[in-house]
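Structure data follow from my_file.txt (compact mmCIF, C-alpha atoms):
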```txt
# COMPACT_ATOMS: atom_id res chain seq x y z
CA MET A 1 26.95 7.43 8.11
CA ASP A 2 25.98 10.82 6.72
CA THR A 3 22.50 11.53 5.44
CA TRP A 4 23.31 11.50 1.73
CA THR A 5 25.39 8.34 1.84
CA PHE A 6 22.45 6.73 3.63
CA GLY A 7 19.91 8.09 1.15
CA TRP A 8 21.72 7.18 -2.05
CA THR A 9 22.77 3.77 -0.76
CA LEU A 10 19.23 2.87 0.28
CA ALA A 11 17.74 4.28 -2.93
CA LEU A 12 20.17 2.54 -5.29
CA ILE A 13 20.22 -0.83 -3.53
CA GLY A 14 16.48 -0.59 -2.92
CA MET A 15 15.60 0.03 -6.57
CA THR A 16 18.09 -2.51 -7.90
CA GLY A 17 17.13 -5.06 -5.26
CA THR A 18 13.39 -4.72 -5.89
CA MET A 19 13.88 -5.04 -9.65
CA LEU A 20 16.21 -8.01 -9.24
CA VAL A 21 13.94 -9.90 -6.82
CA LEU A 22 10.91 -9.41 -9.06
CA TRP A 23 12.85 -10.40 -12.18
CA ILE A 24 13.96 -13.62 -10.50
CA LEU A 25 10.36 -14.15 -9.39
CA SER A 26 9.22 -13.88 -13.01
CA LEU A 27 11.77 -16.56 -13.94
CA LEU A 28 10.54 -18.74 -11.08
CA ILE A 29 6.98 -18.40 -12.35
CA LEU A 30 8.11 -19.54 -15.80
CA LEU A 31 9.90 -22.47 -14.19
CA LEU A 32 6.80 -23.41 -12.15
CA LYS A 33 4.72 -23.33 -15.32
CA LYS A 34 7.21 -25.67 -17.00
CA ILE A 35 7.23 -28.08 -14.04
CA PHE A 36 3.46 -28.01 -13.55
CA PRO A 37 2.03 -27.41 -17.02
CA TYR A 38 -1.64 -26.74 -17.51
CA GLN A 39 -3.55 -29.77 -18.71
CA GLU A 40 -7.02 -29.65 -20.18
CA SER A 41 -9.27 -31.82 -18.08
CA ALA A 42 -10.26 -34.85 -20.11
CA PRO A 43 -13.95 -34.94 -21.11
CA LYS A 44 -15.94 -37.44 -19.09
CA LYS A 45 -16.83 -40.63 -20.90
CA GLY A 46 -20.37 -41.79 -21.27
CA MET B 1 -24.62 21.76 49.40
CA GLU B 2 -24.10 24.97 47.43
CA SER B 3 -20.41 24.25 46.84
CA ALA B 4 -21.24 20.68 45.80
CA LEU B 5 -23.64 22.02 43.17
CA VAL B 6 -21.01 24.44 41.84
CA SER B 7 -18.38 21.68 41.71
CA GLY B 8 -20.81 19.37 39.94
CA LEU B 9 -21.65 22.02 37.36
CA GLN B 10 -17.94 22.76 36.87
CA GLY B 11 -17.51 19.13 35.83
CA LEU B 12 -19.89 19.73 32.97
CA VAL B 13 -18.07 22.79 31.63
CA LEU B 14 -14.50 21.54 32.07
CA GLY B 15 -14.48 20.07 28.57
CA ILE B 16 -15.55 23.38 27.07
CA LEU B 17 -13.03 25.31 29.16
CA ASN B 18 -10.24 23.04 27.92
CA LEU B 19 -11.25 23.21 24.27
CA THR B 20 -8.44 24.91 22.34
CA PRO B 21 -8.44 26.28 18.77
CA ASN B 22 -6.23 23.32 17.81
CA HIS B 23 -8.87 20.89 19.03
CA VAL B 24 -11.46 22.70 16.92
CA ILE B 25 -9.20 22.53 13.84
CA MET B 26 -8.67 18.81 14.35
CA LEU B 27 -12.39 18.22 14.81
CA LEU B 28 -12.87 19.96 11.45
CA VAL B 29 -10.10 17.84 9.86
CA ALA B 30 -11.74 14.70 11.26
CA SER B 31 -15.13 15.82 9.95
CA THR B 32 -13.57 16.37 6.52
CA LEU B 33 -12.26 12.80 6.54
CA LEU B 34 -15.74 11.57 7.46
CA TYR B 35 -17.22 13.70 4.67
CA LEU B 36 -14.75 12.29 2.13
CA GLY B 37 -15.47 8.74 3.25
CA ILE B 38 -19.26 8.99 3.55
CA LYS B 39 -20.27 11.53 0.93
CA LYS B 40 -17.51 11.13 -1.65
CA GLY B 41 -16.91 7.41 -1.13
CA TYR B 42 -13.11 7.81 -0.84
CA GLU B 43 -11.84 4.66 0.96
CA PRO B 44 -14.82 4.75 3.39
CA LEU B 45 -13.78 1.55 5.16
CA LEU B 46 -10.71 3.35 6.42
CA LEU B 47 -11.60 7.03 6.39
CA VAL B 48 -14.76 6.61 8.50
CA PRO B 49 -13.02 4.90 11.46
CA ILE B 50 -9.95 7.14 11.04
CA GLY B 51 -12.13 10.26 11.08
CA PHE B 52 -14.09 9.05 14.08
CA GLY B 53 -10.94 8.05 15.93
CA ALA B 54 -9.59 11.54 15.28
CA ILE B 55 -12.77 13.03 16.78
CA LEU B 56 -12.54 10.84 19.89
CA VAL B 57 -8.90 11.65 20.53
CA ASN B 58 -9.45 15.40 20.22
CA ILE B 59 -12.20 15.61 22.84
CA PRO B 60 -10.58 17.53 25.70
CA LEU B 61 -10.05 15.51 28.90
CA ALA B 62 -11.50 12.32 27.37
CA ASP B 63 -7.95 10.95 27.43
CA MET B 64 -8.66 8.21 24.91
CA MET B 65 -4.95 7.70 24.27
CA GLY B 66 -3.98 8.07 27.93
CA LYS B 67 -2.58 5.18 29.91
CA GLU B 68 -6.05 3.83 30.66
CA GLY B 69 -7.70 4.99 27.42
CA PHE B 70 -9.50 2.36 25.36
CA LEU B 71 -7.86 3.48 22.12
CA ARG B 72 -4.46 3.20 23.78
CA PHE B 73 -5.20 -0.46 24.51
CA PHE B 74 -5.89 -1.28 20.85
CA TYR B 75 -2.99 0.90 19.67
CA ASP B 76 -0.47 -0.84 21.93
CA ALA B 77 -1.85 -4.29 21.20
CA GLY B 78 -2.27 -4.01 17.45
CA VAL B 79 -0.28 -1.14 15.98
CA LEU B 80 2.86 -1.03 18.11
CA THR B 81 3.17 -4.79 17.74
CA GLU B 82 2.51 -4.47 13.94
CA VAL B 83 -0.11 -7.21 14.25
CA PHE B 84 -3.00 -5.26 12.68
CA PRO B 85 -1.38 -4.51 9.30
CA LEU B 86 -0.12 -8.08 9.12
CA LEU B 87 -3.60 -9.50 9.72
CA ILE B 88 -4.89 -7.23 6.97
CA PHE B 89 -2.23 -8.65 4.68
CA VAL B 90 -3.58 -12.16 5.27
CA GLY B 91 -6.97 -10.87 4.11
CA ILE B 92 -5.46 -9.12 1.08
CA GLY B 93 -3.68 -12.33 0.10
CA ALA B 94 -6.94 -14.26 0.43
CA MET B 95 -8.69 -11.75 -1.83
CA THR B 96 -6.00 -11.42 -4.50
CA ASP B 97 -6.02 -13.43 -7.69
CA PHE B 98 -2.49 -13.65 -9.08
CA GLN B 99 -3.67 -15.54 -12.19
CA PRO B 100 -3.17 -12.58 -14.61
CA LEU B 101 0.39 -12.24 -13.32
CA LEU B 102 1.09 -15.95 -13.58
CA GLU B 103 -0.17 -15.91 -17.16
CA ASN B 104 2.14 -13.06 -18.13
CA PRO B 105 5.07 -13.03 -15.66
CA LYS B 106 7.34 -10.55 -17.47
CA ILE B 107 4.82 -7.84 -16.63
CA ILE B 108 5.88 -8.19 -12.97
CA LEU B 109 8.80 -5.89 -13.81
CA LEU B 110 6.31 -3.03 -14.13
CA GLY B 111 5.41 -3.77 -10.52
CA ALA B 112 9.05 -3.10 -9.63
CA ALA B 113 9.24 0.14 -11.63
CA GLY B 114 6.06 1.28 -9.92
CA GLN B 115 7.88 1.26 -6.57
CA PHE B 116 10.71 3.55 -7.59
CA GLY B 117 8.73 6.51 -6.27
CA ILE B 118 9.43 5.15 -2.77
CA PHE B 119 13.15 5.48 -3.16
CA LEU B 120 13.12 8.77 -5.07
CA THR B 121 10.85 10.27 -2.42
CA LEU B 122 13.24 9.06 0.25
CA LEU B 123 15.90 11.33 -1.28
CA LEU B 124 13.44 14.24 -1.40
CA ALA B 125 12.42 13.69 2.23
CA LEU B 126 16.07 13.72 3.28
CA ALA B 127 16.62 16.87 1.20
CA VAL B 128 13.87 18.74 3.03
CA GLY B 129 15.33 17.80 6.40
CA PHE B 130 13.57 14.67 7.64
CA ASP B 131 15.58 12.35 9.87
CA LYS B 132 16.69 9.08 8.29
CA LEU B 133 13.96 6.86 9.69
CA ASP B 134 11.30 9.57 9.36
CA ALA B 135 12.26 9.85 5.69
CA VAL B 136 11.86 6.09 5.30
CA ALA B 137 8.37 6.32 6.83
CA VAL B 138 7.35 9.16 4.51
CA SER B 139 8.76 7.52 1.41
CA ILE B 140 6.80 4.32 2.00
CA ILE B 141 3.62 6.20 1.06
CA GLY B 142 4.95 5.55 -2.45
CA ALA B 143 4.19 1.86 -1.95
CA CYS B 144 0.61 3.01 -2.55
CA ASP B 145 -0.34 0.31 -0.10
CA GLY B 146 -1.97 1.27 3.20
CA PRO B 147 -0.96 -1.73 5.33
CA THR B 148 2.66 -1.54 4.12
CA ALA B 149 2.79 2.17 4.94
CA ILE B 150 1.32 1.51 8.39
CA TYR B 151 3.68 -1.41 9.03
CA VAL B 152 6.81 0.55 8.14
CA SER B 153 5.83 3.84 9.79
CA SER B 154 4.69 2.15 13.02
CA LYS B 155 8.06 0.40 13.10
CA PHE B 156 10.31 3.38 12.46
CA ALA B 157 8.33 6.56 13.07
CA PRO B 158 5.18 5.87 15.13
CA HIS B 159 4.80 9.61 15.82
CA MET B 160 4.12 10.07 12.08
CA LEU B 161 1.69 7.18 11.73
CA GLY B 162 -1.40 9.41 11.49
CA ALA B 163 -0.02 11.68 8.78
CA VAL B 164 1.52 8.84 6.77
CA SER B 165 -1.64 6.70 6.91
CA VAL B 166 -3.99 9.53 6.04
CA ALA B 167 -1.74 10.50 3.13
CA ALA B 168 -1.46 6.89 1.92
CA TYR B 169 -5.19 6.17 1.97
CA SER B 170 -6.22 9.59 0.67
CA TYR B 171 -3.91 9.45 -2.33
CA MET B 172 -4.81 5.82 -3.04
CA SER B 173 -8.42 6.89 -3.35
CA LEU B 174 -7.35 9.75 -5.62
CA VAL B 175 -5.49 7.48 -8.06
CA PRO B 176 -8.15 8.05 -10.77
CA LEU B 177 -7.43 11.78 -10.57
CA ILE B 178 -3.66 11.67 -10.04
CA GLN B 179 -2.64 9.14 -12.70
CA PRO B 180 -4.31 10.15 -16.01
CA PRO B 181 -2.57 13.54 -16.48
CA ILE B 182 0.82 11.92 -15.83
CA MET B 183 0.02 9.07 -18.23
CA ARG B 184 -0.95 11.55 -20.96
CA ALA B 185 2.07 13.78 -20.36
CA LEU B 186 4.57 10.94 -20.72
CA THR B 187 3.13 9.07 -23.71
CA THR B 188 2.54 9.93 -27.33
CA GLU B 189 -0.85 9.39 -28.98
CA LYS B 190 0.76 6.69 -31.12
CA GLU B 191 1.77 4.78 -27.99
CA ARG B 192 -1.61 5.21 -26.29
CA VAL B 193 -3.49 3.56 -29.16
CA ILE B 194 -1.35 0.39 -29.19
CA VAL B 195 -3.55 -2.70 -29.04
CA MET B 196 -2.00 -5.48 -26.97
CA GLY B 197 -2.60 -9.05 -28.02
CA ILE B 198 -4.44 -11.51 -25.81
CA VAL B 199 -2.12 -13.54 -23.63
CA LYS B 200 -3.67 -16.97 -23.36
CA GLN B 201 -1.42 -19.05 -21.17
CA PRO B 202 -3.60 -21.04 -18.79
CA VAL B 203 -2.03 -21.79 -15.45
CA SER B 204 -2.35 -25.13 -13.66
CA LYS B 205 -3.87 -25.33 -10.19
CA THR B 206 -0.62 -26.79 -8.86
CA THR B 207 1.31 -23.73 -10.07
CA LYS B 208 -1.18 -21.47 -8.31
CA ILE B 209 -0.76 -23.43 -5.07
CA VAL B 210 3.02 -23.66 -5.23
CA PHE B 211 3.45 -19.98 -6.19
CA PRO B 212 2.79 -18.45 -2.72
CA ILE B 213 5.03 -21.04 -1.07
CA VAL B 214 7.90 -20.40 -3.48
CA VAL B 215 7.54 -16.61 -3.20
CA THR B 216 7.56 -16.78 0.60
CA ILE B 217 10.66 -18.95 0.79
CA PHE B 218 12.60 -17.20 -1.97
CA ALA B 219 11.75 -13.58 -1.16
CA SER B 220 12.05 -14.05 2.60
CA ILE B 221 15.49 -15.58 2.26
CA LEU B 222 16.60 -12.64 0.13
CA ALA B 223 14.95 -10.03 2.35
CA PRO B 224 14.43 -11.65 5.77
CA LYS B 225 13.22 -8.49 7.52
CA GLY B 226 10.29 -8.45 5.13
CA ALA B 227 9.27 -12.03 5.87
CA PRO B 228 6.24 -10.98 7.99
CA LEU B 229 4.92 -8.86 5.10
CA ILE B 230 5.55 -11.41 2.37
CA GLY B 231 4.57 -14.37 4.51
CA THR B 232 1.18 -13.02 5.56
CA VAL B 233 0.14 -12.02 2.03
CA MET B 234 1.20 -15.38 0.68
CA LEU B 235 -0.44 -17.30 3.54
CA GLY B 236 -3.73 -15.67 2.60
CA ASN B 237 -3.17 -16.50 -1.06
CA LEU B 238 -2.26 -20.12 -0.29
CA MET B 239 -5.50 -20.51 1.67
CA LYS B 240 -7.40 -19.15 -1.34
CA GLU B 241 -5.68 -21.28 -3.97
CA SER B 242 -5.45 -24.54 -2.01
CA GLY B 243 -9.23 -24.65 -1.70
CA VAL B 244 -9.04 -26.84 1.39
CA VAL B 245 -9.47 -24.21 4.11
CA ASP B 246 -12.49 -22.32 2.90
CA ARG B 247 -13.55 -21.37 6.42
CA LEU B 248 -10.15 -19.84 7.21
CA LYS B 249 -10.03 -18.09 3.85
CA SER B 250 -13.51 -16.75 4.34
CA ALA B 251 -12.73 -15.57 7.88
CA SER B 252 -9.53 -13.88 6.67
CA GLU B 253 -11.16 -11.93 3.88
CA ASN B 254 -14.31 -11.10 5.84
CA GLU B 255 -14.49 -11.19 9.64
CA ILE B 256 -10.80 -10.78 10.47
CA THR B 257 -10.18 -8.08 7.86
CA ASN B 258 -13.35 -6.22 8.85
CA ILE B 259 -12.63 -6.23 12.58
CA VAL B 260 -8.99 -5.32 12.13
CA THR B 261 -9.84 -2.58 9.61
CA LEU B 262 -12.20 -1.02 12.14
CA LEU B 263 -9.69 -1.16 14.99
CA LEU B 264 -6.77 -0.10 12.80
CA GLY B 265 -8.72 2.87 11.46
CA LEU B 266 -9.66 3.97 14.99
CA CYS B 267 -6.04 3.62 16.11
CA ILE B 268 -4.75 5.67 13.18
CA GLY B 269 -7.31 8.35 13.98
CA ALA B 270 -6.16 8.18 17.57
CA THR B 271 -2.66 9.24 16.53
CA MET B 272 -4.08 12.48 15.17
CA GLU B 273 -4.03 14.40 18.45
CA ALA B 274 -3.93 18.15 17.82
CA ASP B 275 -0.51 18.80 19.34
CA LYS B 276 1.05 15.94 17.32
CA PHE B 277 -0.76 16.41 14.01
CA LEU B 278 -0.94 20.18 13.59
CA ARG B 279 2.66 20.71 12.57
CA GLY B 280 4.35 21.95 9.44
CA GLN B 281 5.80 18.46 9.12
CA THR B 282 2.34 17.01 8.46
CA LEU B 283 1.90 19.26 5.43
CA LEU B 284 5.32 18.15 4.19
CA VAL B 285 4.29 14.51 4.62
CA LEU B 286 1.13 15.12 2.60
CA ALA B 287 3.09 16.90 -0.14
CA LEU B 288 5.77 14.21 -0.31
CA GLY B 289 3.12 11.49 -0.37
CA PHE B 290 1.56 13.09 -3.42
CA ILE B 291 4.98 13.32 -5.08
CA ALA B 292 5.70 9.68 -4.22
CA ILE B 293 2.58 8.34 -5.94
CA SER B 294 3.12 10.65 -8.91
CA LEU B 295 6.70 9.41 -9.26
CA ASP B 296 5.53 5.78 -9.05
CA THR B 297 3.18 6.43 -11.95
CA ALA B 298 5.77 8.35 -13.96
CA VAL B 299 8.50 5.71 -13.58
CA GLY B 300 6.00 2.93 -14.30
CA VAL B 301 4.92 4.61 -17.54
CA LEU B 302 8.53 5.32 -18.54
CA PHE B 303 9.42 1.68 -17.91
CA GLY B 304 6.40 0.73 -20.01
CA LYS B 305 7.80 2.91 -22.79
CA ALA B 306 11.13 1.10 -22.54
CA MET B 307 9.34 -2.27 -22.75
CA CYS B 308 7.36 -0.96 -25.72
CA LEU B 309 10.60 -0.05 -27.46
CA LEU B 310 12.27 -3.37 -26.66
CA THR B 311 9.31 -5.43 -27.84
CA GLY B 312 8.93 -3.52 -31.09
CA GLY B 313 5.75 -1.74 -30.01
CA LYS B 314 3.87 -4.72 -28.60
CA ILE B 315 3.37 -3.20 -25.15
CA ASN B 316 1.17 -0.20 -24.52
CA PRO B 317 3.15 2.00 -22.07
CA LEU B 318 -0.06 3.05 -20.33
CA ILE B 319 -0.11 -0.28 -18.47
CA GLY B 320 3.06 0.85 -16.66
CA ALA B 321 0.88 3.15 -14.57
CA ALA B 322 -0.80 0.06 -13.11
CA GLY B 323 2.47 -1.17 -11.60
CA ILE B 324 1.39 0.22 -8.24
CA SER B 325 -0.42 -1.50 -5.41
CA ALA B 326 -3.81 0.24 -5.70
CA PHE B 327 -5.62 -2.90 -6.86
CA PRO B 328 -7.70 -3.04 -9.02
CA MET B 329 -8.36 0.70 -9.20
CA SER B 330 -5.20 1.49 -11.08
CA ALA B 331 -5.87 -1.23 -13.68
CA ARG B 332 -9.31 0.25 -14.28
CA VAL B 333 -7.80 3.71 -14.74
CA VAL B 334 -5.47 2.29 -17.40
CA GLN B 335 -8.35 0.53 -19.16
CA ALA B 336 -10.44 3.72 -19.18
CA GLU B 337 -7.54 5.83 -20.43
CA GLY B 338 -6.68 3.33 -23.20
CA GLN B 339 -10.30 3.23 -24.35
CA LYS B 340 -10.37 7.01 -24.64
CA TYR B 341 -7.81 6.83 -27.42
CA ASN B 342 -8.68 3.52 -29.04
CA LYS B 343 -12.07 1.89 -28.62
CA LYS B 344 -10.60 -1.42 -29.82
CA SER B 345 -7.96 -1.44 -27.10
CA TYR B 346 -8.66 -3.71 -24.13
CA LEU B 347 -5.84 -3.19 -21.68
CA LEU B 348 -7.63 -4.42 -18.57
CA MET B 349 -6.12 -7.91 -18.32
CA HIS B 350 -2.61 -6.63 -19.04
CA ALA B 351 -3.10 -3.81 -16.55
CA MET B 352 -4.37 -6.34 -13.98
CA SER B 353 -1.13 -8.30 -14.44
CA ALA B 354 0.89 -5.14 -13.81
CA ASN B 355 -1.37 -4.27 -10.88
CA ALA B 356 -0.90 -7.72 -9.29
CA GLY B 357 2.82 -7.23 -9.90
CA GLY B 358 2.51 -3.88 -8.11
CA GLN B 359 0.94 -5.61 -5.12
CA ILE B 360 3.82 -8.02 -4.82
CA GLY B 361 6.24 -5.25 -5.78
CA SER B 362 5.18 -2.97 -2.94
CA VAL B 363 5.67 -5.72 -0.38
CA ILE B 364 9.01 -6.73 -1.90
CA ALA B 365 10.19 -3.10 -2.03
CA ALA B 366 9.35 -2.66 1.67
CA ALA B 367 11.02 -5.98 2.48
CA VAL B 368 14.16 -4.99 0.54
CA MET B 369 14.16 -1.62 2.27
CA LEU B 370 13.90 -3.17 5.74
CA SER B 371 16.65 -5.66 4.99
CA VAL B 372 18.99 -3.01 3.55
CA LEU B 373 18.37 -0.88 6.66
CA GLN B 374 19.30 -3.86 8.79
CA GLY B 375 22.38 -4.49 6.65
CA MET B 376 23.43 -0.86 7.06
CA GLY B 377 23.05 -1.18 10.83
CA ILE B 378 20.36 1.53 10.93
CA VAL B 379 17.90 -0.86 12.56
CA GLY B 380 18.54 -3.85 14.79
CA GLY B 381 18.61 -7.43 13.62
```

File written out as structure tokens:
Amino acid sequence: MDTWTFGWTLALIGMTGTMLVLWILSLLILLLKKIFPYQESAPKKG
Amino acid sequence: MESALVSGLQGLVLGILNLTPNHVIMLLVASTLLYLGIKKGYEPLLLVPIGFGAILVNIPLADMMGKEGFLRFFYDAGVLTEVFPLLIFVGIGAMTDFQPLLENPKIILLGAAGQFGIFLTLLLALAVGFDKLDAVAVSIIGACDGPTAIYVSSKFAPHMLGAVSVAAYSYMSLVPLIQPPIMRALTTEKERVIVMGIVKQPVSKTTKIVFPIVVTIFASILAPKGAPLIGTVMLGNLMKESGVVDRLKSASENEITNIVTLLLGLCIGATMEADKFLRGQTLLVLALGFIAISLDTAVGVLFGKAMCLLTGGKINPLIGAAGISAFPMSARVVQAEGQKYNKKSYLLMHAMSANAGGQIGSVIAAAVMLSVLQGMGIVGG
């Protein structure tokens, strides 16, 4: 593989891949927040 | 008796007789690193051991990196095996609070944009004649993350470890000087004064505990070669968030990180032997490292501008500059810059989200890079 094919392939897949992985991660975070919603701790009685 | 005295005295002057101009230059370079660390406070935890390691390795005939040298022992055991940077990652994970990111997950995309400098610098490094794997090692300075840079360069270009590490840590400490001019050049005054609303989305403890597990499984499956990087950061974070292994968490962020930082710094300094470091290539590495971090900032800000446009002006593009891994320094730079133009603008929490995204982003970018290299058959499986 010549230098420029290597460079452009790694750069393009690298940038797209990083963006894609982090975008999916952001969706996973939203999903986690839906599955495990924050609940105010109930005030103690008495 | 007379000849024994002469021989004995010769032993004392051999070091001086073997001192070359290159040794002297390197002793000056090492002293400069010590000066920057001690007097200027630039990343002292790293620059002091690096500078001292560089002094030790440039003492003629001391042979610190020889077969029996004590620095060689630590280098082979911790750097060549990639164990040291990984142990530091456990500590980083234990110290990092991903709460701002979990509250505002879309900001993680800025952490991806902030890594584009890596890949753009890769093209530049290839253009100026670096070999493929050397170019990868240089470009990783753009991760703006010392342990990631050390991990990747020790894997692919150990002969460049000294130059890459010094560049990475030096420029990270110069983020407050490097970023503001780029932020100003790429934004309008109207954009810089944008006040971002408070994001108040509390996150449950369970989410915080499950997050590092999910990230490890998901990201490692997508980019398996980066599993050691992702896994160690997230292990540290799981220990922090679970709250059940306080002793391990405390050891990771204190004793282990401190000991490994000392040994890692010495080992990096030990790679700065005069005949290996004093080359034109080192200057190129330093120049490309500067370009890499500048490009990270520029692309981050430009991505912030795009988000500003898409959200109808709700996002201040300055926070894009925080999409790098220099945590929390970069977020503070953004806050200070925003306040210069609008005293009512509090960008810190938003910038912290982007900065936490940058921390994950740098590890993910390196993981993606390693996996693509494996896929291309450039490195073994």

Inset, instruction - Between B:Cys308, B:Val79, B:Val193, B:Leu286, single out the one closest to Val260 (chain B), counting only C-alpha atoms. - result: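 Result for the nearest residue to Val260 (chain B): B:Val79.
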
For Trp4 (chain A), please output as a PDB file with C-alpha atoms, in the frame of the given file all residues within 12 Å (counting only C-alpha atoms; exclusion window: fewer than 4 positions along the same chain).
```
ATOM      1  CA  TRP A   8      21.720   7.180  -2.050  1.00  0.00           C
ATOM      2  CA  THR A   9      22.770   3.770  -0.760  1.00  0.00           C
ATOM      3  CA  LEU A  10      19.230   2.870   0.280  1.00  0.00           C
ATOM      4  CA  ALA A  11      17.740   4.280  -2.930  1.00  0.00           C
ATOM      5  CA  LEU A  12      20.170   2.540  -5.290  1.00  0.00           C
TER       6      LEU A  12
ATOM      7  CA  LEU B 122      13.240   9.060   0.250  1.00  0.00           C
ATOM      8  CA  LEU B 123      15.900  11.330  -1.280  1.00  0.00           C
ATOM      9  CA  LEU B 124      13.440  14.240  -1.400  1.00  0.00           C
ATOM     10  CA  ALA B 125      12.420  13.690   2.230  1.00  0.00           C
ATOM     11  CA  LEU B 126      16.070  13.720   3.280  1.00  0.00           C
ATOM     12  CA  ALA B 127      16.620  16.870   1.200  1.00  0.00           C
ATOM     13  CA  VAL B 128      13.870  18.740   3.030  1.00  0.00           C
ATOM     14  CA  GLY B 129      15.330  17.800   6.400  1.00  0.00           C
ATOM     15  CA  PHE B 130      13.570  14.670   7.640  1.00  0.00           C
ATOM     16  CA  ASP B 131      15.580  12.350   9.870  1.00  0.00           C
ATOM     17  CA  LYS B 132      16.690   9.080   8.290  1.00  0.00           C
ATOM     18  CA  ALA B 135      12.260   9.850   5.690  1.00  0.00           C
TER      19      ALA B 135
END
```

Inset, instruction - Do a neighbour search on Ser250 (chain B) at 12 Å with all atoms listed in the file, toss out local chain neighbours closer than 6 positions, and write the hits as a PyMOL selection string. - result: chain B and resi 90-95+236-237+239-240+243-244+256-258

Legend entry - At most 6 Å to chain A: residues in chain B, all atoms listed in the file, as a PyMOL selection string: chain B and resi 105-106+112+119+123+203-204+207+365+369

Selection from above, C-alpha atoms, as an mmCIF file, in the coordinates of the input, can you write it?
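Saved result, result.cif, follows:
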```cif
data_model
loop_
_atom_site.group_PDB
_atom_site.id
_atom_site.type_symbol
_atom_site.label_atom_id
_atom_site.label_comp_id
_atom_site.auth_asym_id
_atom_site.auth_seq_id
_atom_site.Cartn_x
_atom_site.Cartn_y
_atom_site.Cartn_z
ATOM 1 C CA PRO B 105 5.070 -13.030 -15.660
ATOM 2 C CA LYS B 106 7.340 -10.550 -17.470
ATOM 3 C CA ALA B 112 9.050 -3.100 -9.630
ATOM 4 C CA PHE B 119 13.150 5.480 -3.160
ATOM 5 C CA LEU B 123 15.900 11.330 -1.280
ATOM 6 C CA VAL B 203 -2.030 -21.790 -15.450
ATOM 7 C CA SER B 204 -2.350 -25.130 -13.660
ATOM 8 C CA THR B 207 1.310 -23.730 -10.070
ATOM 9 C CA ALA B 365 10.190 -3.100 -2.030
ATOM 10 C CA MET B 369 14.160 -1.620 2.270
#
```

Output, as AutoDock Vina command-line options, the centre and edge lengths in Å (one decimal) of the axis-aligned box that contains all listed atoms of region 29-44 of chain A with 4 Å of margin on each side.
```
--center_x -3.0 --center_y -27.9 --center_z -16.6 --size_x 33.8 --size_y 27.0 --size_z 17.0
```

Inset, instruction - Using CA of Ser345 (chain B) and CA of Met196 (chain B) as the two end points, give the distance in Å to one decimal. - result: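 The value is 7.2 Å.
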
Inset, instruction - Quick one: pull the distance between CA of Leu19 (chain B) and CA of Met1 (chain B), Å, one decimal. - result: 28.5 Å

Inset, instruction - To one decimal in Å, tell me the separation between CA of Phe218 (chain B) and CA of His350 (chain B). - result: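 So the answer is 25.2 Å.
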
Legend entry - Protein/DNA/RNA residues near (-3.9, 12.8, 4.2), cut 9 Å, all atoms listed in the file, as an MDAnalysis selection string: chainID B and resid 33 162:171 282:283 285:286 289

Same residues, C-alpha atoms, output as a compact mmCIF listing (two decimals), keeping the file's coordinate frame:
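Final file, again-v4.txt:
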```
# COMPACT_ATOMS: atom_id res chain seq x y z
CA LEU B 33 -12.26 12.80 6.54
CA GLY B 162 -1.40 9.41 11.49
CA ALA B 163 -0.02 11.68 8.78
CA VAL B 164 1.52 8.84 6.77
CA SER B 165 -1.64 6.70 6.91
CA VAL B 166 -3.99 9.53 6.04
CA ALA B 167 -1.74 10.50 3.13
CA ALA B 168 -1.46 6.89 1.92
CA TYR B 169 -5.19 6.17 1.97
CA SER B 170 -6.22 9.59 0.67
CA TYR B 171 -3.91 9.45 -2.33
CA THR B 282 2.34 17.01 8.46
CA LEU B 283 1.90 19.26 5.43
CA VAL B 285 4.29 14.51 4.62
CA LEU B 286 1.13 15.12 2.60
CA GLY B 289 3.12 11.49 -0.37
```

Inset, instruction - For Ile118 (chain B), list every protein, DNA or RNA residue within 7 Å, evaluated using all atoms listed in the file, and leave out those in the same chain fewer than 6 positions away; present the list as number ranges by chain. - result: B: 139-140, 142-143, 292

Inset, instruction - Excluding Pro44 (chain B) and residues on its chain fewer than 2 positions from it, collect all residues at most 12 Å away from it, counting all atoms listed in the file, and give them as a ChimeraX atom specification. - result: /B:33-42,46-52,169-170,172-173,261-262,265

Residue subset to file, keeping C-alpha atoms, as an mmCIF file, in the frame of the given file:
```cif
data_model
loop_
_atom_site.group_PDB
_atom_site.id
_atom_site.type_symbol
_atom_site.label_atom_id
_atom_site.label_comp_id
_atom_site.auth_asym_id
_atom_site.auth_seq_id
_atom_site.Cartn_x
_atom_site.Cartn_y
_atom_site.Cartn_z
ATOM 1 C CA LEU B 33 -12.260 12.800 6.540
ATOM 2 C CA LEU B 34 -15.740 11.570 7.460
ATOM 3 C CA TYR B 35 -17.220 13.700 4.670
ATOM 4 C CA LEU B 36 -14.750 12.290 2.130
ATOM 5 C CA GLY B 37 -15.470 8.740 3.250
ATOM 6 C CA ILE B 38 -19.260 8.990 3.550
ATOM 7 C CA LYS B 39 -20.270 11.530 0.930
ATOM 8 C CA LYS B 40 -17.510 11.130 -1.650
ATOM 9 C CA GLY B 41 -16.910 7.410 -1.130
ATOM 10 C CA TYR B 42 -13.110 7.810 -0.840
ATOM 11 C CA LEU B 46 -10.710 3.350 6.420
ATOM 12 C CA LEU B 47 -11.600 7.030 6.390
ATOM 13 C CA VAL B 48 -14.760 6.610 8.500
ATOM 14 C CA PRO B 49 -13.020 4.900 11.460
ATOM 15 C CA ILE B 50 -9.950 7.140 11.040
ATOM 16 C CA GLY B 51 -12.130 10.260 11.080
ATOM 17 C CA PHE B 52 -14.090 9.050 14.080
ATOM 18 C CA TYR B 169 -5.190 6.170 1.970
ATOM 19 C CA SER B 170 -6.220 9.590 0.670
ATOM 20 C CA MET B 172 -4.810 5.820 -3.040
ATOM 21 C CA SER B 173 -8.420 6.890 -3.350
ATOM 22 C CA THR B 261 -9.840 -2.580 9.610
ATOM 23 C CA LEU B 262 -12.200 -1.020 12.140
ATOM 24 C CA GLY B 265 -8.720 2.870 11.460
#
```
